[in-house]
>>> print(open('entry_39.cif').read())   # mmCIF, C-alpha atoms
data_my_file
loop_
_atom_site.label_atom_id
_atom_site.label_comp_id
_atom_site.auth_asym_id
_atom_site.auth_seq_id
_atom_site.Cartn_x
_atom_site.Cartn_y
_atom_site.Cartn_z
CA MET F 136 -5.37 -11.93 8.72
CA THR F 137 -1.99 -11.33 7.08
CA VAL F 138 -1.52 -9.82 3.64
CA ALA F 139 1.76 -10.36 1.81
CA ILE F 140 3.21 -7.47 -0.19
CA ILE F 141 5.88 -8.34 -2.71
CA ASN F 142 8.99 -6.18 -2.55
CA TYR F 143 10.97 -6.23 -5.79
CA GLY F 144 12.65 -2.87 -5.51
CA VAL F 145 10.02 -0.87 -7.40
CA GLY F 146 7.53 1.54 -5.92
CA ASN F 147 6.18 2.43 -2.51
CA VAL F 148 4.59 0.30 0.16
CA GLY F 149 4.46 2.72 3.13
CA SER F 150 1.01 4.17 2.51
CA LEU F 151 -0.34 0.80 1.34
CA VAL F 152 0.80 -0.87 4.57
CA ASN F 153 -0.64 1.98 6.63
CA MET F 154 -3.99 1.90 4.88
CA LEU F 155 -4.26 -1.90 5.19
CA GLU F 156 -3.18 -1.98 8.82
CA ARG F 157 -4.89 1.14 10.15
CA LYS F 158 -8.03 1.25 8.05
CA CYS F 159 -8.66 -2.33 6.92
CA GLY F 160 -7.66 -4.15 10.09
CA VAL F 161 -5.17 -6.60 8.60
CA HIS F 162 -1.50 -7.27 9.26
CA CYS F 163 1.00 -6.77 6.43
CA GLU F 164 4.14 -8.70 5.73
CA VAL F 165 6.52 -7.32 3.14
CA VAL F 166 8.01 -10.35 1.40
CA ASP F 167 11.09 -10.27 -0.84
CA GLY F 168 10.43 -11.01 -4.47
CA GLY F 169 11.11 -14.69 -5.11
CA ALA F 170 10.79 -15.86 -1.50
CA ALA F 171 8.11 -18.45 -0.78
CA LEU F 172 4.97 -17.09 0.85
CA LYS F 173 4.06 -18.45 4.26
CA LYS F 174 1.36 -21.07 4.46
CA GLY F 175 -2.04 -19.68 5.30
CA ILE F 176 -1.53 -16.40 3.44
CA SER F 177 -4.58 -15.98 1.23
CA HIS F 178 -4.02 -12.47 -0.13
CA CYS F 179 -0.96 -11.06 -1.83
CA ILE F 180 -0.29 -7.67 -3.42
CA LEU F 181 2.10 -6.80 -6.24
CA PRO F 182 2.66 -3.03 -6.01
CA GLY F 183 4.71 -0.92 -8.37
CA VAL F 184 5.38 2.54 -9.71
CA GLY F 185 7.74 3.30 -12.55
CA HIS F 186 8.96 1.93 -15.83
CA PHE F 187 7.55 -1.41 -17.06
CA GLY F 188 10.76 -2.57 -18.72
CA PHE F 189 12.81 -1.94 -15.60
CA ALA F 190 10.26 -3.59 -13.30
CA ALA F 191 9.87 -6.62 -15.58
CA GLU F 192 13.63 -7.13 -15.45
CA GLU F 193 13.53 -6.99 -11.63
CA LEU F 194 10.74 -9.59 -11.59
CA ARG F 195 12.79 -11.88 -13.80
CA THR F 196 16.00 -11.50 -11.82
CA ARG F 197 14.20 -12.20 -8.57
CA ARG F 198 12.12 -15.08 -9.94
CA VAL F 199 8.85 -13.54 -8.86
CA GLN F 200 6.97 -15.53 -11.52
CA ASN F 201 7.72 -18.83 -9.75
CA GLN F 202 6.77 -17.31 -6.40
CA LEU F 203 3.40 -16.10 -7.68
CA ASP F 204 2.68 -19.25 -9.71
CA ALA F 205 3.09 -21.28 -6.52
CA PHE F 206 0.89 -18.84 -4.55
CA LEU F 207 -1.91 -18.89 -7.13
CA LYS F 208 -1.84 -22.70 -7.20
CA THR F 209 -2.84 -22.66 -3.53
CA GLY F 210 -5.92 -20.64 -4.50
CA GLY F 211 -4.52 -17.37 -3.17
CA HIS F 212 -5.82 -13.97 -4.27
CA LEU F 213 -3.39 -11.71 -6.09
CA LEU F 214 -3.86 -7.96 -6.52
CA GLY F 215 -1.63 -5.90 -8.78
CA ILE F 216 -1.63 -2.16 -8.25
CA CYS F 217 -0.74 0.39 -10.97
CA LEU F 218 2.45 -0.90 -12.62
CA GLY F 219 1.88 -4.10 -10.62
CA ALA F 220 -1.43 -4.50 -12.49
CA GLN F 221 0.16 -3.88 -15.89
CA LEU F 222 2.78 -6.52 -15.07
CA LEU F 223 -0.01 -9.12 -14.81
CA LEU F 224 -0.44 -8.90 -18.59
CA GLU F 225 1.75 -10.45 -21.26
CA PHE F 226 3.56 -7.53 -22.81
CA SER F 227 4.02 -3.76 -22.64
CA GLU F 228 5.00 -1.16 -25.19
CA GLU F 229 6.87 0.58 -22.36
CA GLY F 230 10.31 -0.94 -22.78
CA ASP F 231 8.94 -3.65 -25.17
CA ALA F 232 9.07 -6.09 -22.29
CA CYS F 233 7.16 -9.20 -21.22
CA GLY F 234 5.02 -9.32 -18.10
CA LEU F 235 3.79 -12.22 -15.98
CA GLY F 236 1.04 -13.25 -18.41
CA PHE F 237 -1.64 -14.09 -15.81
CA ILE F 238 -4.04 -12.01 -17.88
CA LEU F 239 -3.91 -12.27 -21.67
CA GLY F 240 -3.30 -8.97 -23.38
CA GLN F 241 -0.97 -6.02 -23.69
CA VAL F 242 -0.17 -2.66 -22.15
CA ARG F 243 -0.26 0.23 -24.60
CA LYS F 244 0.53 3.90 -24.52
CA PHE F 245 -2.35 6.35 -24.81
CA GLN F 246 -2.24 7.73 -28.35
CA LYS F 247 -2.80 11.39 -29.13
CA GLY F 248 -5.67 10.49 -31.45
CA GLN F 249 -7.58 8.86 -28.58
CA LEU F 250 -7.60 11.96 -26.43
CA ASN F 251 -10.61 14.22 -26.12
CA GLU F 252 -10.28 17.97 -25.77
CA GLY F 253 -8.60 18.92 -22.52
CA GLU F 254 -7.20 15.45 -21.91
CA ARG F 255 -3.47 15.07 -21.48
CA VAL F 256 -0.97 12.26 -21.01
CA PRO F 257 0.19 11.22 -18.44
CA HIS F 258 -3.36 10.68 -17.22
CA MET F 259 -3.14 12.06 -13.72
CA GLY F 260 -5.92 12.58 -11.31
CA TRP F 261 -9.18 11.29 -9.95
CA CYS F 262 -11.50 9.42 -12.23
CA GLU F 263 -14.83 7.70 -11.74
CA VAL F 264 -14.92 4.02 -12.63
CA ALA F 265 -17.70 1.78 -13.86
CA LEU F 266 -17.92 -1.92 -13.03
CA ARG F 267 -18.12 -4.14 -16.10
CA ARG F 268 -20.01 -7.19 -14.98
CA LYS F 269 -23.28 -8.88 -15.64
CA PRO F 270 -26.10 -6.87 -14.06
CA ALA F 271 -27.00 -9.82 -11.83
CA GLU F 272 -23.52 -9.75 -10.29
CA ARG F 273 -23.48 -6.03 -9.69
CA GLU F 274 -23.58 -5.67 -5.95
CA GLU F 275 -22.79 -1.99 -5.61
CA THR F 276 -24.07 0.87 -7.68
CA ASP F 277 -22.42 3.78 -5.82
CA THR F 278 -20.17 6.04 -7.80
CA LYS F 279 -16.57 5.28 -7.01
CA ARG F 280 -13.56 7.33 -7.87
CA PHE F 281 -9.90 6.60 -7.64
CA TYR F 282 -6.57 8.26 -8.20
CA PHE F 283 -4.73 7.44 -11.42
CA VAL F 284 -1.22 8.28 -12.61
CA HIS F 285 -0.21 6.55 -15.82
CA SER F 286 0.72 6.97 -19.48
CA TYR F 287 0.08 3.35 -20.47
CA HIS F 288 -3.11 1.36 -20.10
CA MET F 289 -4.09 -2.29 -19.99
CA VAL F 290 -5.67 -3.84 -23.07
CA PRO F 291 -6.86 -7.33 -22.10
CA GLU F 292 -7.37 -9.74 -24.98
CA LYS F 293 -10.60 -11.13 -23.54
CA GLN F 294 -13.48 -8.80 -22.88
CA GLU F 295 -14.52 -10.96 -19.91
CA ASP F 296 -11.28 -9.98 -18.10
CA VAL F 297 -12.26 -6.31 -18.05
CA TYR F 298 -13.33 -5.57 -14.48
CA MET F 299 -13.68 -1.79 -14.40
CA THR F 300 -13.53 0.93 -17.01
CA ALA F 301 -12.91 4.64 -16.66
CA ASP F 302 -13.76 7.58 -18.82
CA PHE F 303 -10.55 8.97 -20.28
CA ALA F 304 -9.26 8.85 -23.86
CA GLY F 305 -12.57 7.43 -25.01
CA GLY F 306 -12.65 4.87 -22.20
CA PHE F 307 -9.95 2.50 -20.97
CA THR F 308 -9.64 -0.57 -18.76
CA ALA F 309 -9.19 0.63 -15.18
CA ALA F 310 -9.11 -2.84 -13.67
CA VAL F 311 -8.79 -6.44 -14.83
CA LYS F 312 -9.94 -9.59 -13.12
CA ARG F 313 -9.61 -13.23 -14.02
CA GLY F 314 -10.35 -15.77 -11.33
CA ASN F 315 -8.23 -14.94 -8.30
CA VAL F 316 -6.08 -12.43 -10.14
CA THR F 317 -7.12 -8.78 -9.97
CA GLY F 318 -5.26 -5.75 -11.26
CA VAL F 319 -6.13 -2.11 -10.70
CA GLN F 320 -4.57 0.71 -12.67
CA PHE F 321 -5.45 3.19 -9.92
CA HIS F 322 -3.91 3.60 -6.49
CA PRO F 323 -6.33 2.45 -3.77
CA GLU F 324 -3.76 3.44 -1.12
CA LYS F 325 -3.95 7.01 -2.42
CA SER F 326 -7.72 7.15 -2.91
CA HIS F 327 -8.69 7.61 0.76
CA ALA F 328 -12.28 6.51 1.54
CA PHE F 329 -12.78 4.91 -1.90
CA GLY F 330 -9.48 3.07 -1.67
CA ILE F 331 -10.26 1.74 1.78
CA ALA F 332 -13.65 0.47 0.58
CA PHE F 333 -12.06 -1.21 -2.45
CA LEU F 334 -9.35 -2.96 -0.43
CA LYS F 335 -11.85 -4.14 2.16
CA SER F 336 -14.01 -5.63 -0.56
CA TRP F 337 -10.99 -7.34 -2.18
CA LEU F 338 -9.90 -8.71 1.22
CA SER F 339 -13.35 -10.15 1.85
CA GLY F 340 -13.06 -12.28 -1.33
CA SER F 341 -12.33 -15.89 -0.45
CA MET S 214 -16.92 16.29 -17.42
CA ARG S 215 -13.42 16.44 -16.02
CA ARG S 216 -12.82 16.50 -12.28
CA ILE S 217 -10.21 19.08 -11.40
CA ARG S 218 -7.40 18.37 -8.98
CA VAL S 219 -7.09 20.98 -6.26
CA ILE S 220 -3.74 20.69 -4.52
CA PRO S 221 -2.84 22.23 -1.15
CA VAL S 222 0.86 23.16 -1.02
CA LEU S 223 2.60 22.71 2.31
CA LEU S 224 5.93 24.41 2.90
CA ILE S 225 8.40 22.94 5.34
CA ALA S 226 11.43 24.62 6.88
CA ASP S 227 13.61 22.75 9.37
CA GLY S 228 10.90 20.18 9.97
CA LYS S 229 8.19 22.73 10.69
CA LEU S 230 5.20 23.77 8.65
CA VAL S 231 5.64 27.37 7.47
CA LYS S 232 3.99 29.78 5.06
CA THR S 233 5.72 32.48 3.08
CA GLU S 234 4.46 35.49 1.19
CA LYS S 235 5.99 36.25 -2.21
CA PHE S 236 8.68 33.70 -1.23
CA LYS S 237 9.65 35.77 1.82
CA LYS S 238 8.91 35.99 5.56
CA PRO S 239 8.42 32.31 6.47
CA LYS S 240 5.89 32.16 9.29
CA TYR S 241 5.44 29.13 11.55
CA VAL S 242 1.99 27.62 11.05
CA GLY S 243 2.20 24.22 12.75
CA ASP S 244 3.26 20.61 12.58
CA PRO S 245 3.39 18.95 9.13
CA ILE S 246 2.23 15.49 10.28
CA ASN S 247 -0.78 17.00 12.00
CA ALA S 248 -1.59 18.98 8.84
CA ILE S 249 -1.43 15.84 6.69
CA ARG S 250 -3.78 14.01 9.07
CA ILE S 251 -6.28 16.84 8.78
CA PHE S 252 -6.02 16.82 4.98
CA ASN S 253 -6.57 13.02 5.04
CA ASP S 254 -9.82 13.51 6.92
CA LYS S 255 -10.89 16.17 4.46
CA GLY S 256 -10.22 13.82 1.54
CA VAL S 257 -8.03 16.17 -0.47
CA ASP S 258 -7.27 15.36 -4.12
CA GLU S 259 -3.52 15.60 -3.79
CA LEU S 260 -0.90 17.27 -1.59
CA ALA S 261 2.36 18.97 -2.42
CA VAL S 262 5.11 19.22 0.17
CA CYS S 263 8.00 21.57 -0.49
CA ASP S 264 11.03 21.83 1.71
CA ILE S 265 12.36 25.39 1.70
CA SER S 266 14.98 24.89 4.45
CA LYS S 267 18.19 26.74 3.65
CA ASP S 268 20.31 23.60 3.98
CA ARG S 269 18.14 21.44 1.67
CA PHE S 270 20.70 21.52 -1.13
CA SER S 271 23.62 20.40 1.03
CA ARG S 272 21.74 17.76 3.04
CA GLY S 273 19.28 16.59 0.34
CA PRO S 274 15.67 15.57 1.07
CA ASP S 275 15.03 14.94 4.79
CA MET S 276 14.07 11.29 4.32
CA GLY S 277 13.32 10.65 7.99
CA LEU S 278 10.59 13.27 8.03
CA LEU S 279 9.41 12.64 4.47
CA GLU S 280 8.92 8.90 5.01
CA LYS S 281 6.71 9.71 7.98
CA LEU S 282 4.71 12.26 5.98
CA ALA S 283 4.21 9.99 2.96
CA SER S 284 3.12 7.00 4.97
CA GLU S 285 0.54 9.16 6.76
CA ALA S 286 -0.96 10.31 3.49
CA PHE S 287 -3.81 8.36 1.91
CA MET S 288 -3.78 10.72 -1.04
CA PRO S 289 -1.28 11.42 -3.81
CA MET S 290 1.77 13.32 -2.69
CA ALA S 291 4.34 15.39 -4.51
CA TYR S 292 7.64 16.48 -3.01
CA GLY S 293 10.03 19.23 -3.96
CA GLY S 294 13.18 20.57 -2.33
CA GLY S 295 16.87 19.79 -2.77
CA ILE S 296 16.48 16.81 -5.12
CA SER S 297 19.75 16.56 -7.03
CA THR S 298 20.33 12.86 -7.77
CA LEU S 299 18.55 9.89 -9.30
CA ASP S 300 19.06 7.91 -6.08
CA GLN S 301 17.23 10.58 -4.06
CA GLY S 302 14.36 10.45 -6.52
CA VAL S 303 14.14 6.68 -6.34
CA ALA S 304 14.20 6.81 -2.53
CA LEU S 305 11.38 9.38 -2.47
CA ILE S 306 9.15 7.33 -4.77
CA LYS S 307 9.90 4.27 -2.69
CA SER S 308 8.88 6.12 0.45
CA GLY S 309 5.45 6.88 -1.01
CA PHE S 310 5.63 10.09 -2.99
CA GLU S 311 4.07 9.92 -6.45
CA LYS S 312 5.77 12.95 -7.90
CA LEU S 313 9.06 14.73 -7.65
CA ALA S 314 9.13 18.47 -8.22
CA ILE S 315 12.40 19.68 -9.67
CA ASN S 316 13.11 23.38 -9.51
CA THR S 317 16.71 24.37 -8.80
CA GLY S 318 17.78 20.95 -10.09
CA LEU S 319 16.48 21.85 -13.57
CA VAL S 320 19.45 24.16 -13.95
CA GLU S 321 22.00 22.91 -11.41
CA HIS S 322 21.77 19.27 -12.50
CA PRO S 323 21.30 19.03 -16.25
CA GLY S 324 20.23 15.53 -17.18
CA LEU S 325 18.48 14.90 -13.85
CA VAL S 326 14.96 15.28 -15.29
CA THR S 327 15.78 12.85 -18.10
CA GLN S 328 17.35 10.33 -15.72
CA LEU S 329 14.37 10.52 -13.36
CA SER S 330 11.77 10.20 -16.11
CA GLU S 331 13.57 7.30 -17.78
CA ARG S 332 13.76 5.44 -14.50
CA LEU S 333 10.48 6.47 -12.85
CA GLY S 334 8.28 7.53 -15.74
CA SER S 335 7.57 11.08 -16.84
CA GLN S 336 4.34 11.18 -14.81
CA SER S 337 6.54 11.22 -11.70
CA VAL S 338 8.59 14.20 -12.75
CA VAL S 339 7.36 17.76 -12.37
CA ALA S 340 9.13 20.81 -13.69
CA SER S 341 8.45 23.27 -10.89
CA VAL S 342 8.93 26.66 -12.47
CA ASP S 343 9.10 29.78 -10.30
CA TYR S 344 8.97 33.02 -12.22
CA ARG S 345 8.65 36.75 -11.86
CA LYS S 346 7.48 39.48 -14.17
CA ARG S 347 10.27 41.98 -14.50
CA LEU S 348 9.84 45.49 -15.87
CA ILE S 349 13.00 44.98 -17.89
CA GLY S 350 13.36 41.57 -19.47
CA GLY S 351 9.75 40.45 -19.02
CA LEU S 352 9.02 37.01 -17.62
CA GLN S 353 11.98 35.31 -16.01
CA GLN S 354 12.48 31.95 -14.37
CA PHE S 355 14.15 31.72 -10.97
CA THR S 356 15.69 28.91 -8.95
CA HIS S 357 16.88 28.76 -5.31
CA SER S 358 13.53 29.99 -3.89
CA GLY S 359 13.51 32.95 -6.22
CA GLY S 360 17.18 33.76 -5.56
CA ASN S 361 18.83 32.98 -8.90
CA ARG S 362 17.67 34.09 -12.30
CA VAL S 363 17.74 31.62 -15.20
CA ARG S 364 18.77 33.11 -18.53
CA GLY S 365 16.45 32.63 -21.46
CA ASP S 366 12.89 33.04 -22.66
CA LEU S 367 10.51 31.54 -20.08
CA VAL S 368 8.27 29.55 -22.43
CA THR S 369 11.29 28.23 -24.36
CA LEU S 370 12.88 27.15 -21.08
CA ILE S 371 9.70 25.35 -20.00
CA LYS S 372 9.51 23.55 -23.36
CA GLY S 373 13.06 22.38 -22.73
CA TRP S 374 12.16 20.89 -19.32
CA VAL S 375 9.22 19.05 -20.87
CA ASP S 376 11.36 17.78 -23.78
CA ALA S 377 13.85 16.54 -21.18
CA GLY S 378 11.11 14.38 -19.64
CA ALA S 379 8.97 16.39 -17.22
CA GLY S 380 5.38 15.10 -17.30
CA GLU S 381 3.80 18.08 -15.58
CA VAL S 382 4.61 21.74 -15.14
CA TRP S 383 3.94 23.81 -12.03
CA LEU S 384 3.70 27.46 -12.94
CA ASN S 385 4.45 29.34 -9.77
CA CYS S 386 4.14 33.11 -9.99
CA ILE S 387 6.37 34.44 -7.23
CA GLU S 388 4.81 37.87 -6.79
CA ARG S 389 1.34 36.41 -6.39
CA GLU S 390 2.16 33.95 -3.60
CA ALA S 391 -0.20 34.37 -0.61
CA THR S 392 -1.66 37.59 -2.04
CA TYR S 393 -5.18 36.25 -2.82
CA THR S 394 -5.13 38.21 -6.10
CA GLY S 395 -5.92 35.28 -8.40
CA TYR S 396 -3.70 33.19 -10.67
CA ASP S 397 -1.57 34.53 -13.53
CA ILE S 398 -4.20 33.67 -16.14
CA GLU S 399 -2.28 35.04 -19.12
CA MET S 400 0.72 32.84 -18.40
CA ILE S 401 -1.39 29.72 -17.76
CA GLU S 402 -3.06 30.29 -21.12
CA ARG S 403 0.23 30.74 -22.97
CA VAL S 404 2.00 27.74 -21.47
CA SER S 405 -0.94 25.34 -21.71
CA GLN S 406 -1.35 26.22 -25.38
CA ALA S 407 2.35 25.74 -26.06
CA LEU S 408 2.76 22.41 -24.26
CA PRO S 409 1.04 19.00 -24.32
CA VAL S 410 1.55 18.09 -20.62
CA PRO S 411 -0.67 19.04 -17.63
CA ILE S 412 -0.10 22.56 -16.34
CA VAL S 413 -0.73 23.40 -12.68
CA GLY S 414 -1.29 27.00 -11.65
CA ILE S 415 0.19 28.10 -8.32
CA GLY S 416 0.26 31.49 -6.62
CA GLY S 417 -2.54 33.90 -5.87
CA ALA S 418 -5.59 31.73 -5.22
CA GLY S 419 -8.07 33.35 -2.88
CA LYS S 420 -11.36 31.75 -3.82
CA VAL S 421 -12.96 28.98 -5.88
CA GLU S 422 -13.66 31.41 -8.75
CA ASP S 423 -9.91 32.04 -9.13
CA MET S 424 -9.45 28.29 -9.58
CA LYS S 425 -12.22 28.02 -12.13
CA GLU S 426 -10.68 30.89 -14.06
CA ALA S 427 -7.31 29.10 -14.17
CA ILE S 428 -8.98 25.91 -15.41
CA ASP S 429 -10.84 27.81 -18.12
CA ALA S 430 -7.49 29.25 -19.17
CA GLY S 431 -6.09 25.75 -19.71
CA ALA S 432 -4.68 24.61 -16.36
CA SER S 433 -5.20 20.88 -15.69
CA ALA S 434 -5.04 21.40 -11.94
CA VAL S 435 -4.69 24.19 -9.43
CA ALA S 436 -2.64 24.50 -6.28
CA ALA S 437 -2.81 26.88 -3.34
CA GLY S 438 -1.08 27.42 -0.03
CA ALA S 439 -2.39 30.38 1.92
CA MET S 440 -6.01 29.65 1.04
CA PHE S 441 -5.75 26.27 2.78
CA VAL S 442 -3.62 27.11 5.81
CA TYR S 443 -4.97 30.55 6.69
CA GLN S 444 -8.32 31.96 7.52
CA ARG S 445 -8.91 35.47 6.30
CA PRO S 446 -9.03 38.39 6.90
CA HIS S 447 -6.28 38.20 9.53
CA ASN S 448 -4.44 35.09 8.27
CA ALA S 449 -5.13 33.12 11.44
CA VAL S 450 -3.84 29.58 11.03
CA LEU S 451 -6.69 27.28 10.06
CA ILE S 452 -6.31 24.22 7.86
CA SER S 453 -9.22 23.93 5.49
CA TYR S 454 -10.17 22.54 2.09
CA LEU S 455 -12.81 23.25 -0.53
CA LYS S 456 -16.35 22.24 0.33
CA GLU S 457 -17.28 21.72 -3.29
CA GLU S 458 -15.68 19.82 -6.12
CA ILE S 459 -14.60 21.66 -9.25
CA PHE S 460 -15.49 20.32 -12.67
CA ASP S 461 -14.37 21.47 -16.06
#
>>> encode(input="entry_39.cif", output="structure tokens")
Amino acid sequence: MTVAIINYGVGNVGSLVNMLERKCGVHCEVVDGGAALKKGISHCILPGVGHFGFAAEELRTRRVQNQLDAFLKTGGHLLGICLGAQLLLEFSEEGDACGLGFILGQVRKFQKGQLNEGERVPHMGWCEVALRRKPAEREETDTKRFYFVHSYHMVPEKQEDVYMTADFAGGFTAAVKRGNVTGVQFHPEKSHAFGIAFLKSWLSGS
Amino acid sequence: MRRIRVIPVLLIADGKLVKTEKFKKPKYVGDPINAIRIFNDKGVDELAVCDISKDRFSRGPDMGLLEKLASEAFMPMAYGGGISTLDQGVALIKSGFEKLAINTGLVEHPGLVTQLSERLGSQSVVASVDYRKRLIGGLQQFTHSGGNRVRGDLVTLIKGWVDAGAGEVWLNCIEREATYTGYDIEMIERVSQALPVPIVGIGGAGKVEDMKEAIDAGASAVAAGAMFVYQRPHNAVLISYLKEEIFD
């Protein structure tokens, strides 16, 4: 199985490729933003670390929207990681820029008033997540924790698009999911055993 | 309940893993890639890699080695050592480091912290502050591995680095390094009260209780070197990690 990783000049792919290839048993192909994905590729990752406004501009210049639209039309599975997840939404306060709009909603900065005692922004560190799905669909009940580094968080318009939540600043959306589009605010590639388990489960989706 | 990050600090000199004491006497302790593999297996929260090679300022970050280290690491990684330009910072993040620790660059390259945080986000930029307690003059910040003194009041200086865009502060007490005498609790308390960003205590950890004490004083995370690369009482080289998790 081959997983495509979109390269648009933002963020790291080294550890992601290593985790996928060494621990999840798949082959990775780093594809330039805008280039058509090969036929037969069913899973594609949009990584990203950094400033939303800058990244959104890169996506526009490289025509990544067209590339991903075409991929999703084939029924492919898209996973956004960290900034890559935020870019799946429509708009971000970071740079007042527009994202890809696959998930309705915005990306907002954590406000001081939201923070509990001892909590600081950027939110950095390991955090346990809770799955937000109908009890009947809940296949795993184990506690999972992932590594987060962010100052902005996803605010999906539709409650049904919230996939995971985490306990920080009174609770925020840690992952979104709508159809074949998934976005995780955390870094699976930096969350060792938990990250490997998450990626394996995403890869098994068909 | 807040889970506390516990960060092993690995020092590198000329491509080798070393450990110093009070910023002096670098001692060879092994191969950095091997150390990272061990820390992977132990599931550490985060790792910090600092290059203390003498030529780090002239040659810049050793990207060949660092790319290898970052791609081996399935945990968050921070890097410090000889970062002086925005391009170097971008290359490091691209290679898989989450955070850039700026120490000498705070003073030598004014504007660097702001440039880095505007481009990469403030969560990626750490003000790595080394300091000593002097009999005359009190607390003083140092750059160049403790070689050059920075003029000014320490807490005011740190506020300046945060205002410039640093999203985290490492408070590294030089005279406590590898002494197992506990963190500088007073300083952690002062700085964490004065600043809104996460504060990480470094220098002096010998046991879990030291770490808990630093957290109680306001640190958001704790880092340690000797405790994780040495086995006491004779400082035999042994890479280890905590067996328990620390909660606030």
>>> residues_around(input="entry_39.cif", residues="segment 145-155 of chain F", least_positions_apart="3", cutoff="6 Å", atoms="only C-alpha atoms", output="PyMOL selection string")
(chain F and resi 158-159+161+183-184+324) or (chain S and resi 284+307-309)
>>> resolve_selection(input="entry_39.cif", expression="the PyMOL selection byres ((chain S) within 9 of (chain F))", output="PyMOL selection string")
chain S and resi 215-218+253-254+256-259+280-281+283-290+303+305-311+330-337+380-381+409-411+431+433-434
>>> residues_around(input="entry_39.cif", residues="Ile140 of chain F", least_positions_apart="6", cutoff="9 Å", atoms="all atoms listed in the file", output="list of chain:residue names")
F:Val148, F:Val152, F:Cys163, F:Glu164, F:Val165, F:Val166, F:Asp167, F:His178, F:Cys179, F:Ile180, F:Leu181, F:Pro182
>>> axis_aligned_box(input="entry_39.cif", around="segment 308-327 of chain F", padding_each_side="6 Å", output="lines of an AutoDock Vina configuration file")
center_x = -7.1
center_y = -4.1
center_z = -9.0
size_x = 18.6
size_y = 35.4
size_z = 31.5
>>> closest_residue(input="entry_39.cif", among="F:Lys174, F:His162, F:His288, F:Lys279", to="Gly318 of chain F", atoms="all atoms listed in the file")
F:His288
>>> atom_distance(input="entry_39.cif", atom1="atom CA of Glu292 of chain F", atom2="atom CA of Gly236 of chain F")
11.2 Å
>>> residues_around(input="entry_39.cif", residues="segment 448-456 of chain S", least_positions_apart="3", cutoff="9 Å", atoms="all atoms listed in the file", output="list in words")
Val219, Pro221, Val242, Gly243, Ala248, Ile251, Phe252, Lys255, Gly256, Val257, Val421, Ala439, Met440, Phe441, Val442, Tyr443, Gln444 and Arg445 of chain S
>>> write_last_selection(input="entry_39.cif", atoms="C-alpha atoms", output="compact mmCIF listing (two decimals), keeping the file's coordinate frame")
# COMPACT_ATOMS: atom_id res chain seq x y z
CA VAL S 219 -7.09 20.98 -6.26
CA PRO S 221 -2.84 22.23 -1.15
CA VAL S 242 1.99 27.62 11.05
CA GLY S 243 2.20 24.22 12.75
CA ALA S 248 -1.59 18.98 8.84
CA ILE S 251 -6.28 16.84 8.78
CA PHE S 252 -6.02 16.82 4.98
CA LYS S 255 -10.89 16.17 4.46
CA GLY S 256 -10.22 13.82 1.54
CA VAL S 257 -8.03 16.17 -0.47
CA VAL S 421 -12.96 28.98 -5.88
CA ALA S 439 -2.39 30.38 1.92
CA MET S 440 -6.01 29.65 1.04
CA PHE S 441 -5.75 26.27 2.78
CA VAL S 442 -3.62 27.11 5.81
CA TYR S 443 -4.97 30.55 6.69
CA GLN S 444 -8.32 31.96 7.52
CA ARG S 445 -8.91 35.47 6.30
>>> residues_around(input="entry_39.cif", residues="Tyr241 of chain S", least_positions_apart="6", cutoff="8 Å", atoms="all atoms listed in the file", output="JSON list (two decimals) with C-alpha atoms, in the coordinates of the input")
[["chain", "number", "residue", "atom", "x", "y", "z"],
["S", 229, "LYS", "CA", 8.19, 22.73, 10.69],
["S", 230, "LEU", "CA", 5.20, 23.77, 8.65],
["S", 231, "VAL", "CA", 5.64, 27.37, 7.47],
["S", 232, "LYS", "CA", 3.99, 29.78, 5.06]]
>>> atom_distance(input="entry_39.cif", atom1="atom CA of Ser336 of chain F", atom2="atom CA of Val199 of chain F")
25.6 Å
>>> atom_distance(input="entry_39.cif", atom1="atom CA of Ile141 of chain F", atom2="atom CA of Ala232 of chain F")
20.0 Å
>>> closest_residue(input="entry_39.cif", among="S:Ile349, S:Ile398, S:Cys263, S:Leu384", to="Lys425 of chain S", atoms="all atoms listed in the file")
S:Ile398
>>> closest_residue(input="entry_39.cif", among="F:Gly230, F:Gly305, F:Pro291, F:Gly168", to="Arg198 of chain F", atoms="all atoms listed in the file")
F:Gly168
>>> closest_residue(input="entry_39.cif", among="S:Gly277, S:Asp227, S:Tyr393, S:Gly318", to="Ile296 of chain S", atoms="all atoms listed in the file")
S:Gly318
>>> residues_around(input="entry_39.cif", residues="Gly359 of chain S", least_positions_apart="4", cutoff="8 Å", atoms="only C-alpha atoms", output="ChimeraX atom specification")
/S:236,343-344,355,387
>>> closest_residue(input="entry_39.cif", among="F:Val138, F:Ile216, F:Ile238, F:Val290", to="Gly175 of chain F", atoms="all atoms listed in the file")
F:Val138
>>> resolve_selection(input="entry_39.cif", expression="the PyMOL selection byres ((chain S and resi 404) around 9)", output="compact mmCIF listing (two decimals) with C-alpha atoms, in the frame of the given file")
# COMPACT_ATOMS: atom_id res chain seq x y z
CA VAL S 368 8.27 29.55 -22.43
CA ILE S 371 9.70 25.35 -20.00
CA LYS S 372 9.51 23.55 -23.36
CA LEU S 384 3.70 27.46 -12.94
CA GLU S 399 -2.28 35.04 -19.12
CA MET S 400 0.72 32.84 -18.40
CA ILE S 401 -1.39 29.72 -17.76
CA GLU S 402 -3.06 30.29 -21.12
CA ARG S 403 0.23 30.74 -22.97
CA SER S 405 -0.94 25.34 -21.71
CA GLN S 406 -1.35 26.22 -25.38
CA ALA S 407 2.35 25.74 -26.06
CA LEU S 408 2.76 22.41 -24.26
CA ILE S 412 -0.10 22.56 -16.34
CA GLY S 431 -6.09 25.75 -19.71
CA ALA S 432 -4.68 24.61 -16.36
